[in-house]
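> Structure file my_file.pdb (PDB, C-alpha atoms) is given on the next line.
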MODEL        1
ATOM      1  CA  MET L   1       0.044   4.019  -0.219
ATOM      2  CA  GLY L   2      -3.549   5.139  -0.108
ATOM      3  CA  HIS L   3      -6.746   3.154  -0.332
ATOM      4  CA  GLY L   4      -7.445   2.121  -3.906
ATOM      5  CA  SER L   5      -4.184   3.757  -4.912
ATOM      6  CA  GLU L   6      -1.630   2.902  -7.568
ATOM      7  CA  GLY L   7       0.139   0.547  -5.150
ATOM      8  CA  GLU L   8      -2.885  -1.354  -3.847
ATOM      9  CA  THR L   9      -4.388  -1.631  -7.312
ATOM     10  CA  SER L  10      -1.061  -2.829  -8.750
ATOM     11  CA  VAL L  11      -0.841  -5.592  -6.138
ATOM     12  CA  MET L  12      -4.386  -6.697  -6.921
ATOM     13  CA  LEU L  13      -3.599  -6.709 -10.653
ATOM     14  CA  ALA L  14      -0.649  -8.996  -9.892
ATOM     15  CA  VAL L  15      -2.531 -11.313  -7.514
ATOM     16  CA  ARG L  16      -6.168 -11.326  -8.654
ATOM     17  CA  PRO L  17      -6.600  -9.401 -11.905
ATOM     18  CA  ASP L  18     -10.043 -10.967 -12.262
ATOM     19  CA  LEU L  19     -11.212  -8.799  -9.355
ATOM     20  CA  VAL L  20     -10.010  -5.516 -10.892
ATOM     21  CA  ASP L  21     -12.069  -3.579 -13.415
ATOM     22  CA  MET L  22      -9.823  -0.734 -14.510
ATOM     23  CA  THR L  23     -12.707   0.875 -16.406
ATOM     24  CA  LEU L  24     -14.128   1.743 -12.982
ATOM     25  CA  ALA L  25     -10.881   3.302 -11.702
ATOM     26  CA  PRO L  26     -11.540   6.962 -10.941
ATOM     27  CA  GLN L  27      -9.800   9.791 -12.768
ATOM     28  CA  GLU L  28      -9.877  11.980  -9.671
ATOM     29  CA  VAL L  29      -6.877  11.907  -7.344
ATOM     30  CA  VAL L  30      -6.909  13.265  -3.797
ATOM     31  CA  PRO L  31      -4.821  16.459  -3.714
ATOM     32  CA  LYS L  32      -1.506  16.390  -1.874
ATOM     33  CA  LEU L  33      -2.165  17.045   1.782
ATOM     34  CA  PRO L  34       0.079  19.335   3.855
ATOM     35  CA  ASP L  35       3.151  17.646   5.342
ATOM     36  CA  ASN L  36       3.892  20.149   8.089
ATOM     37  CA  ILE L  37       0.443  20.250   9.701
ATOM     38  CA  LYS L  38      -1.681  17.251  10.624
ATOM     39  CA  ILE L  39      -5.260  17.757   9.530
ATOM     40  CA  TYR L  40      -7.931  15.135  10.114
ATOM     41  CA  TRP L  41     -10.354  14.977   7.239
ATOM     42  CA  LYS L  42     -13.554  13.087   6.781
ATOM     43  CA  PHE L  43     -12.995  10.610   3.979
ATOM     44  CA  ASN L  44     -15.847  12.059   1.919
ATOM     45  CA  GLU L  45     -14.201  15.507   2.095
ATOM     46  CA  LEU L  46     -11.225  14.133   0.174
ATOM     47  CA  THR L  47     -12.803  11.817  -2.363
ATOM     48  CA  THR L  48     -16.167  10.867  -3.776
ATOM     49  CA  THR L  49     -14.850   7.552  -5.115
ATOM     50  CA  ALA L  50     -13.255   5.964  -1.999
ATOM     51  CA  ALA L  51      -9.885   5.912  -3.759
ATOM     52  CA  THR L  52      -7.163   8.081  -2.249
ATOM     53  CA  GLY L  53      -4.480   7.472  -4.835
ATOM     54  CA  ALA L  54      -4.045   7.138  -8.580
ATOM     55  CA  PRO L  55      -5.300   3.659  -9.491
ATOM     56  CA  ARG L  56      -5.126   4.332 -13.240
ATOM     57  CA  LYS L  57      -1.309   4.262 -12.981
ATOM     58  CA  ALA L  58      -1.409   0.691 -11.630
ATOM     59  CA  THR L  59       0.177  -2.265 -13.434
ATOM     60  CA  ALA L  60       0.647  -5.927 -12.578
ATOM     61  CA  LYS L  61       4.420  -5.471 -13.021
ATOM     62  CA  LYS L  62       4.445  -2.753 -10.333
ATOM     63  CA  GLY L  63       2.390  -5.055  -8.110
ATOM     64  CA  GLN L  64       4.929  -7.864  -8.483
ATOM     65  CA  LYS L  65       7.735  -5.450  -7.551
ATOM     66  CA  ILE L  66       5.846  -4.178  -4.487
ATOM     67  CA  MET L  67       5.215  -7.737  -3.312
ATOM     68  CA  GLN L  68       8.881  -8.659  -3.867
ATOM     69  CA  ILE L  69      10.020  -5.701  -1.747
ATOM     70  CA  LEU L  70       7.523  -6.517   1.024
ATOM     71  CA  GLU L  71       8.568 -10.178   0.911
ATOM     72  CA  ASN L  72      12.217  -9.191   1.424
ATOM     73  CA  VAL L  73      11.331  -6.872   4.318
ATOM     74  CA  LEU L  74       9.254  -9.580   5.988
ATOM     75  CA  LEU L  75      11.910 -12.240   5.402
ATOM     76  CA  GLY L  76      14.557  -9.961   6.944
ATOM     77  CA  PHE L  77      12.351  -9.388   9.982
ATOM     78  CA  ILE L  78      11.668 -13.104  10.432
ATOM     79  CA  THR L  79      15.365 -13.957  10.032
ATOM     80  CA  ASP L  80      16.383 -11.318  12.595
ATOM     81  CA  MET L  81      13.728 -12.386  15.079
ATOM     82  CA  ASP L  82      14.643 -16.050  14.627
ATOM     83  CA  LYS L  83      18.324 -15.298  15.394
ATOM     84  CA  ASN L  84      17.187 -13.805  18.707
ATOM     85  CA  GLN L  85      14.752 -16.573  19.668
ATOM     86  CA  TRP L  86      11.880 -14.190  18.887
ATOM     87  CA  LYS L  87      12.881 -11.849  21.710
ATOM     88  CA  TYR L  88      12.643  -8.152  20.994
ATOM     89  CA  GLY L  89      14.269  -5.052  22.474
ATOM     90  CA  ASN L  90      15.305  -5.409  26.128
ATOM     91  CA  ALA L  91      14.008  -8.988  26.173
ATOM     92  CA  ARG L  92      17.068  -9.977  24.097
ATOM     93  CA  VAL L  93      19.366  -9.555  27.103
TER
ENDMDL
END
Please re-express this file's structure in structure tokens.

Amino acid sequence: MGHGSEGETSVMLAVRPDLVDMTLAPQEVVPKLPDNIKIYWKFNELTTTAATGAPRKATAKKGQKIMQILENVLLGFITDMDKNQWKYGNARV
């Protein structure tokens, strides 16, 4: 999930739609970067808008789904940690 991407924008549309002006969402999308080689880019070499994803594909419904998934992941983590008195790794022994 990139900055100002479909995911981030969807979450904001679900949580605070009053802060999102979709008319300002850029058309430009950062091209897919190579997977097999790590290249460090300057942000302004990739985008002139500060967005690194596709915010125009965002919807509040997608944002609700993303938050539901993250809530379940976090709840699972908290439940697991609570079962182990908040000890992690070798500290569980």
> Provide the atom CA of L:Pro55 to atom CA of L:Pro26 distance in Å, to one decimal place.
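That distance, rounded to one decimal, is 7.2 Å.
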> Have a look at L:Thr48, L:Lys87, L:Ala60, L:His3 and name the one nearest to L:Val20; count only C-alpha atoms.
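Counting only C-alpha atoms, the residue closest to L:Val20 is L:Ala60.
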> Going by the chain IDs and residue numbers used in this file, which residues fall under the PyMOL selection byres ((chain L and resi 65-74) around 10)? Write them as a list in words.
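On the file shown, the PyMOL selection byres ((chain L and resi 65-74) around 10) covers Gly7, Glu8, Ser10, Val11, Ala14, Val15, Ala60, Lys61, Lys62, Gly63, Gln64, Leu75, Gly76, Phe77, Ile78, Thr79 and Asp80 of chain L.
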> I need the chosen residues saved as a PDB file, in the coordinates of the input, with C-alpha atoms.

ATOM      1  CA  GLY L   7       0.139   0.547  -5.150  1.00  0.00           C
ATOM      2  CA  GLU L   8      -2.885  -1.354  -3.847  1.00  0.00           C
ATOM      3  CA  SER L  10      -1.061  -2.829  -8.750  1.00  0.00           C
ATOM      4  CA  VAL L  11      -0.841  -5.592  -6.138  1.00  0.00           C
ATOM      5  CA  ALA L  14      -0.649  -8.996  -9.892  1.00  0.00           C
ATOM      6  CA  VAL L  15      -2.531 -11.313  -7.514  1.00  0.00           C
ATOM      7  CA  ALA L  60       0.647  -5.927 -12.578  1.00  0.00           C
ATOM      8  CA  LYS L  61       4.420  -5.471 -13.021  1.00  0.00           C
ATOM      9  CA  LYS L  62       4.445  -2.753 -10.333  1.00  0.00           C
ATOM     10  CA  GLY L  63       2.390  -5.055  -8.110  1.00  0.00           C
ATOM     11  CA  GLN L  64       4.929  -7.864  -8.483  1.00  0.00           C
ATOM     12  CA  LEU L  75      11.910 -12.240   5.402  1.00  0.00           C
ATOM     13  CA  GLY L  76      14.557  -9.961   6.944  1.00  0.00           C
ATOM     14  CA  PHE L  77      12.351  -9.388   9.982  1.00  0.00           C
ATOM     15  CA  ILE L  78      11.668 -13.104  10.432  1.00  0.00           C
ATOM     16  CA  THR L  79      15.365 -13.957  10.032  1.00  0.00           C
ATOM     17  CA  ASP L  80      16.383 -11.318  12.595  1.00  0.00           C
TER      18      ASP L  80
END
> Find the axis-aligned box for stretch 50-63 of chain L, covering all its listed atoms and adding 5 Å on each side, and write its centre and edge lengths in Å to one decimal as lines of an AutoDock Vina configuration file.

center_x = -4.4
center_y = 1.1
center_z = -7.7
size_x = 27.7
size_y = 24.0
size_z = 21.4
> Quick one: distance from atom CA of L:Ala58 to atom CA of L:Val30 in Å, one decimal?
15.8 Å
> Could you check the closest approach to L:Gly2 for each of L:Asn90, L:Thr52, L:Thr59, L:Asn84 and tell me which residue wins, using all atoms listed in the file?
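Looking at the shortest contact to L:Gly2, the residue is L:Thr52.
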> Please measure the separation of atom CA of L:Arg56 and atom CA of L:Pro34, giving the value in Å to one decimal.
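Distance between the two atoms: 23.3 Å.
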> From the options L:Arg16, L:Met81, L:Gln27, L:Lys32, which residue's atoms come nearest to L:Ala50, counting only C-alpha atoms?
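Looking only at the distances to L:Ala50, the closest residue turns out to be L:Gln27.
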> For L:Gly53, please output as a list of chain:residue names all residues within 6 Å (counting all atoms listed in the file; exclusion window: fewer than 2 positions along the same chain).
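Contacts, with the query itself left out: L:Gly2, L:Ser5, L:Val29, L:Ala51.
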> Render stretch 20-60 of chain L from the structure in the preceding block as a file of C-alpha atoms, as a PDB file, in the first residue's frame.

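selection-v2.pdb, freshly written:
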ATOM      1  CA  VAL L  20     -10.907  13.640   0.955  1.00  0.00           C
ATOM      2  CA  ASP L  21     -11.359  15.639  -2.232  1.00  0.00           C
ATOM      3  CA  MET L  22     -11.346  13.055  -5.000  1.00  0.00           C
ATOM      4  CA  THR L  23     -11.244  15.806  -7.631  1.00  0.00           C
ATOM      5  CA  LEU L  24      -7.644  16.369  -6.523  1.00  0.00           C
ATOM      6  CA  ALA L  25      -6.669  12.684  -6.810  1.00  0.00           C
ATOM      7  CA  PRO L  26      -3.946  12.377  -9.437  1.00  0.00           C
ATOM      8  CA  GLN L  27      -4.394  10.413 -12.648  1.00  0.00           C
ATOM      9  CA  GLU L  28      -0.724   9.454 -12.699  1.00  0.00           C
ATOM     10  CA  VAL L  29       0.300   6.177 -11.075  1.00  0.00           C
ATOM     11  CA  VAL L  30       3.880   5.278 -10.185  1.00  0.00           C
ATOM     12  CA  PRO L  31       5.069   2.559 -12.586  1.00  0.00           C
ATOM     13  CA  LYS L  32       5.617  -0.933 -11.214  1.00  0.00           C
ATOM     14  CA  LEU L  33       9.085  -1.096  -9.739  1.00  0.00           C
ATOM     15  CA  PRO L  34      11.356  -4.121 -10.260  1.00  0.00           C
ATOM     16  CA  ASP L  35      10.831  -6.962  -7.778  1.00  0.00           C
ATOM     17  CA  ASN L  36      14.163  -8.712  -8.218  1.00  0.00           C
ATOM     18  CA  ILE L  37      16.447  -5.714  -7.673  1.00  0.00           C
ATOM     19  CA  LYS L  38      16.181  -3.183  -4.866  1.00  0.00           C
ATOM     20  CA  ILE L  39      16.536   0.334  -6.195  1.00  0.00           C
ATOM     21  CA  TYR L  40      16.345   3.368  -3.935  1.00  0.00           C
ATOM     22  CA  TRP L  41      14.601   6.239  -5.632  1.00  0.00           C
ATOM     23  CA  LYS L  42      14.100   9.805  -4.605  1.00  0.00           C
ATOM     24  CA  PHE L  43      10.386  10.312  -4.110  1.00  0.00           C
ATOM     25  CA  ASN L  44      10.264  13.097  -6.700  1.00  0.00           C
ATOM     26  CA  GLU L  45      11.780  10.730  -9.294  1.00  0.00           C
ATOM     27  CA  LEU L  46       8.703   8.519  -9.007  1.00  0.00           C
ATOM     28  CA  THR L  47       5.865  10.993  -8.672  1.00  0.00           C
ATOM     29  CA  THR L  48       5.136  14.681  -8.970  1.00  0.00           C
ATOM     30  CA  THR L  49       1.951  14.384  -6.898  1.00  0.00           C
ATOM     31  CA  ALA L  50       3.190  12.647  -3.701  1.00  0.00           C
ATOM     32  CA  ALA L  51       0.834   9.739  -4.376  1.00  0.00           C
ATOM     33  CA  THR L  52       2.460   6.384  -5.076  1.00  0.00           C
ATOM     34  CA  GLY L  53      -0.670   4.404  -5.818  1.00  0.00           C
ATOM     35  CA  ALA L  54      -3.979   4.728  -7.626  1.00  0.00           C
ATOM     36  CA  PRO L  55      -6.209   6.858  -5.392  1.00  0.00           C
ATOM     37  CA  ARG L  56      -8.920   7.212  -8.050  1.00  0.00           C
ATOM     38  CA  LYS L  57      -9.780   3.520  -7.530  1.00  0.00           C
ATOM     39  CA  ALA L  58     -10.550   4.158  -3.845  1.00  0.00           C
ATOM     40  CA  THR L  59     -13.992   3.607  -2.309  1.00  0.00           C
ATOM     41  CA  ALA L  60     -15.363   3.808   1.219  1.00  0.00           C
TER      42      ALA L  60
END
